[in-house]
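Colleague: Input structure: input_4.cif, which contains mmCIF, C-alpha atoms.
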```
data_query
#
loop_
_atom_site.label_atom_id
_atom_site.label_comp_id
_atom_site.auth_asym_id
_atom_site.auth_seq_id
_atom_site.Cartn_x
_atom_site.Cartn_y
_atom_site.Cartn_z
CA MET A 1 32.54 17.98 -109.60
CA VAL A 2 32.97 21.01 -107.34
CA LEU A 3 36.47 19.91 -106.37
CA GLY A 4 37.48 19.64 -110.03
CA ALA A 5 36.13 23.10 -110.81
CA LEU A 6 37.99 24.61 -107.86
CA LYS A 7 41.27 22.95 -108.84
CA SER A 8 40.83 24.02 -112.46
CA ALA A 9 40.14 27.64 -111.49
CA LEU A 10 43.16 27.72 -109.17
CA SER A 11 45.37 26.22 -111.88
CA ALA A 12 44.17 28.77 -114.42
CA LYS A 13 44.90 31.67 -112.06
CA LEU A 14 48.35 30.31 -111.30
CA ARG A 15 49.13 29.72 -114.98
CA ASP A 16 48.02 33.24 -115.91
CA GLY A 17 50.07 34.82 -113.12
CA GLU A 18 46.98 36.12 -111.36
CA LEU A 19 47.46 34.15 -108.13
CA ARG A 20 49.92 35.34 -105.50
CA VAL A 21 50.85 34.00 -102.10
CA ILE A 22 51.91 36.65 -99.59
CA ASP A 23 53.22 36.30 -96.05
CA ALA A 24 50.31 38.04 -94.33
CA PHE A 25 47.94 40.97 -94.51
CA GLY A 26 49.33 43.15 -91.73
CA PHE A 27 47.35 46.33 -91.26
CA ASN A 28 47.63 48.41 -88.09
CA GLU A 29 44.28 50.13 -88.66
CA PRO A 30 41.04 49.19 -90.43
CA LYS A 31 41.49 51.75 -93.22
CA SER A 32 40.30 51.24 -96.79
CA LYS A 33 43.05 53.57 -97.99
CA GLN A 34 45.75 51.24 -96.60
CA VAL A 35 44.18 48.19 -98.23
CA ARG A 36 43.83 49.98 -101.57
CA LEU A 37 47.46 51.15 -101.40
CA ALA A 38 48.62 47.58 -100.67
CA LEU A 39 46.57 46.22 -103.59
CA ASN A 40 48.00 48.86 -105.92
CA THR A 41 51.52 47.98 -104.77
CA LEU A 42 50.82 44.30 -105.49
CA GLU A 43 49.45 45.31 -108.91
CA ALA A 44 46.02 43.96 -108.03
CA ALA A 45 44.19 47.21 -108.70
CA LYS A 46 41.14 45.93 -110.62
CA THR A 47 39.25 43.17 -108.87
CA ALA A 48 40.82 41.07 -106.15
CA LEU A 49 39.83 38.06 -104.10
CA LEU A 50 41.62 38.09 -100.74
CA VAL A 51 41.87 34.71 -98.99
CA GLU A 52 42.75 34.68 -95.29
CA ALA A 53 43.19 31.61 -93.08
CA GLY A 54 41.98 33.18 -89.85
CA GLU A 55 40.11 36.23 -88.72
CA ASN A 56 41.74 39.54 -89.61
CA LYS A 57 39.48 42.31 -88.34
CA ASN A 58 41.52 45.19 -89.77
CA LEU A 59 41.54 43.59 -93.22
CA ALA A 60 37.82 42.79 -93.05
CA LEU A 61 36.89 46.34 -92.08
CA GLY A 62 39.38 47.95 -94.46
CA SER A 63 38.36 45.93 -97.52
CA ARG A 64 34.59 45.80 -97.15
CA ASN A 65 33.97 49.16 -98.85
CA LEU A 66 36.36 48.65 -101.75
CA GLN A 67 34.61 48.01 -105.02
CA GLY A 68 35.78 44.80 -106.70
CA VAL A 69 37.46 43.44 -103.56
CA LYS A 70 36.13 40.42 -101.69
CA LEU A 71 37.57 38.80 -98.57
CA VAL A 72 36.86 35.13 -97.90
CA GLY A 73 38.15 32.45 -95.57
CA THR A 74 39.78 29.32 -96.92
CA LYS A 75 36.64 27.24 -96.38
CA ASP A 76 34.56 29.74 -98.37
CA VAL A 77 36.62 29.83 -101.59
CA THR A 78 34.54 28.95 -104.64
CA ALA A 79 35.40 28.50 -108.29
CA TYR A 80 32.95 31.29 -109.11
CA ASP A 81 34.79 33.75 -106.84
CA LEU A 82 38.15 32.74 -108.33
CA LEU A 83 36.94 33.33 -111.87
CA ALA A 84 34.99 36.50 -111.05
CA HIS A 85 38.08 38.33 -109.76
CA LYS A 86 41.12 39.27 -111.83
CA HIS A 87 43.63 38.71 -109.01
CA VAL A 88 43.71 36.23 -106.13
CA LEU A 89 45.85 36.98 -103.08
CA LEU A 90 46.31 34.22 -100.52
CA THR A 91 48.21 34.43 -97.28
CA LYS A 92 50.81 31.74 -96.78
CA ALA A 93 48.70 30.17 -94.03
CA ALA A 94 45.60 30.24 -96.26
CA ALA A 95 47.48 28.56 -99.12
CA GLU A 96 48.66 25.77 -96.82
CA LYS A 97 45.21 25.30 -95.33
CA LEU A 98 43.51 25.30 -98.75
CA SER A 99 46.05 22.84 -100.13
CA ALA A 100 45.53 20.48 -97.19
CA ALA A 101 41.73 20.71 -97.52
CA LEU A 102 41.85 19.97 -101.26
CA ALA A 103 44.15 17.01 -100.71
CA ALA A 104 41.87 15.63 -97.99
CA LYS A 105 38.78 15.98 -100.19
CA GLU A 106 40.57 14.30 -103.07
CA GLN A 107 41.51 11.33 -100.91
CA ALA A 108 37.95 11.04 -99.65
CA GLU A 109 36.59 10.74 -103.18
#
```
Kindly transcribe the structure held in the file into structure tokens.
Modeller:
Amino acid sequence: MVLGALKSALSAKLRDGELRVIDAFGFNEPKSKQVRLALNTLEAAKTALLVEAGENKNLALGSRNLQGVKLVGTKDVTAYDLLAHKHVLLTKAAAEKLSAALAAKEQAE
């Protein structure tokens, strides 16, 4: 049930053009201003769910004070978070990891 909801939410975001895969979140400093500028450039100014495969300290510190922005790891992505945010930004590594995890769960069921 949870797997189906997650796949459905991801498909809806992709269909609506609200899901983007980017190379990486590369910030030199943990500054909220840099994260906000990057989100504005990516046209994700309202609410955004950022999905990162590994630990990114600068992104975590820079995004934690931004209203409407949430950072999660690939294992913590939920259908609720996907639907609660207007835009979803995944790193390439996070997209691959999430895809592999979904495929493995599907085979297990």
Colleague: Since I can't run it myself right now, could you work out what the PyMOL selection byres ((chain A and resi 69) around 8) selects here and report it as a tab-separated table (two decimals) with C-alpha atoms, in the frame of the given file?
Modeller:
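Output saved as expr_20.tsv:
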```tsv
chain	number	residue	atom	x	y	z
A	47	THR	CA	39.25	43.17	-108.87
A	48	ALA	CA	40.82	41.07	-106.15
A	49	LEU	CA	39.83	38.06	-104.10
A	50	LEU	CA	41.62	38.09	-100.74
A	63	SER	CA	38.36	45.93	-97.52
A	64	ARG	CA	34.59	45.80	-97.15
A	66	LEU	CA	36.36	48.65	-101.75
A	67	GLN	CA	34.61	48.01	-105.02
A	68	GLY	CA	35.78	44.80	-106.70
A	70	LYS	CA	36.13	40.42	-101.69
A	71	LEU	CA	37.57	38.80	-98.57
```
Colleague: Here is a test: counting all atoms listed in the file, which residue of A:Ile22, A:Leu89, A:Leu59, A:Ala9 is nearest to Ala45 in chain A?
Modeller: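 Going through A:Ile22, A:Leu89, A:Leu59, A:Ala9 one by one, the smallest distance to Ala45 in chain A is for A:Leu89.
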Colleague: Taking (37.2, 25.8, -96.4) in the file's coordinates, which residues come within 10 Å, counting all atoms listed in the file, written as a list of chain:residue names?
Modeller: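 Those residues, ordered by chain and then number, are A:Ala53, A:Val72, A:Gly73, A:Thr74, A:Lys75, A:Asp76, A:Val77, A:Thr78, A:Ala94, A:Lys97, A:Leu98, A:Ala100, A:Ala101, A:Leu102.
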Colleague: Residues proximal to (39.8, 39.5, -87.3) were defined as those with any atom within 12 Å of that point in the file's coordinates, counting all atoms listed in the file. Which are they, as JSON, numbers by chain?
Modeller: {"A": [25, 26, 27, 28, 29, 30, 52, 53, 54, 55, 56, 57, 58, 59, 60, 61, 62, 71, 72, 73]}
Colleague: Any idea what the distance is between CA of Tyr80 in chain A and CA of Asn40 in chain A?
Modeller: 23.4 Å
Colleague: As an exercise, work out the distance from CA of Arg15 in chain A to CA of His87 in chain A in Å and give it to one decimal place.
Modeller: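 Straight-line distance from CA of Arg15 in chain A to CA of His87 in chain A works out to 12.1 Å.
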Colleague: Record the distance separating CA of Glu106 in chain A and CA of Lys7 in chain A, expressed in Å with one decimal.
Modeller: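 Computing the Euclidean distance for CA of Glu106 in chain A and CA of Lys7 in chain A yields 10.4 Å.
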Colleague: For this structure, which residues satisfy the selection - the PyMOL selection byres ((chain A and resi 19-21) around 7) - when it is evaluated on the file as given? I want them as a PDB file with C-alpha atoms, keeping the file's coordinate frame.
Modeller:
```pdb
ATOM      1  CA  LYS A  13      44.900  31.670-112.060  1.00  0.00           C
ATOM      2  CA  LEU A  14      48.350  30.310-111.300  1.00  0.00           C
ATOM      3  CA  GLY A  17      50.070  34.820-113.120  1.00  0.00           C
ATOM      4  CA  GLU A  18      46.980  36.120-111.360  1.00  0.00           C
ATOM      5  CA  ILE A  22      51.910  36.650 -99.590  1.00  0.00           C
ATOM      6  CA  ASP A  23      53.220  36.300 -96.050  1.00  0.00           C
ATOM      7  CA  HIS A  87      43.630  38.710-109.010  1.00  0.00           C
ATOM      8  CA  VAL A  88      43.710  36.230-106.130  1.00  0.00           C
ATOM      9  CA  LEU A  89      45.850  36.980-103.080  1.00  0.00           C
ATOM     10  CA  LEU A  90      46.310  34.220-100.520  1.00  0.00           C
ATOM     11  CA  THR A  91      48.210  34.430 -97.280  1.00  0.00           C
ATOM     12  CA  LYS A  92      50.810  31.740 -96.780  1.00  0.00           C
TER      13      LYS A  92
END
```
Colleague: Return the single residue from A:Leu37, A:Ala12, A:Val51, A:Val2 that is closest to Leu83 in chain A, with distances computed using only C-alpha atoms.
Modeller: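 Closest candidate: A:Ala12.
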Colleague: Between A:Asn65, A:Ser11, A:Ala84, A:Ala104, which is the closest to Ser32 in chain A once you count only C-alpha atoms?
Modeller: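 Distance minimum relative to Ser32 in chain A lands on A:Asn65.
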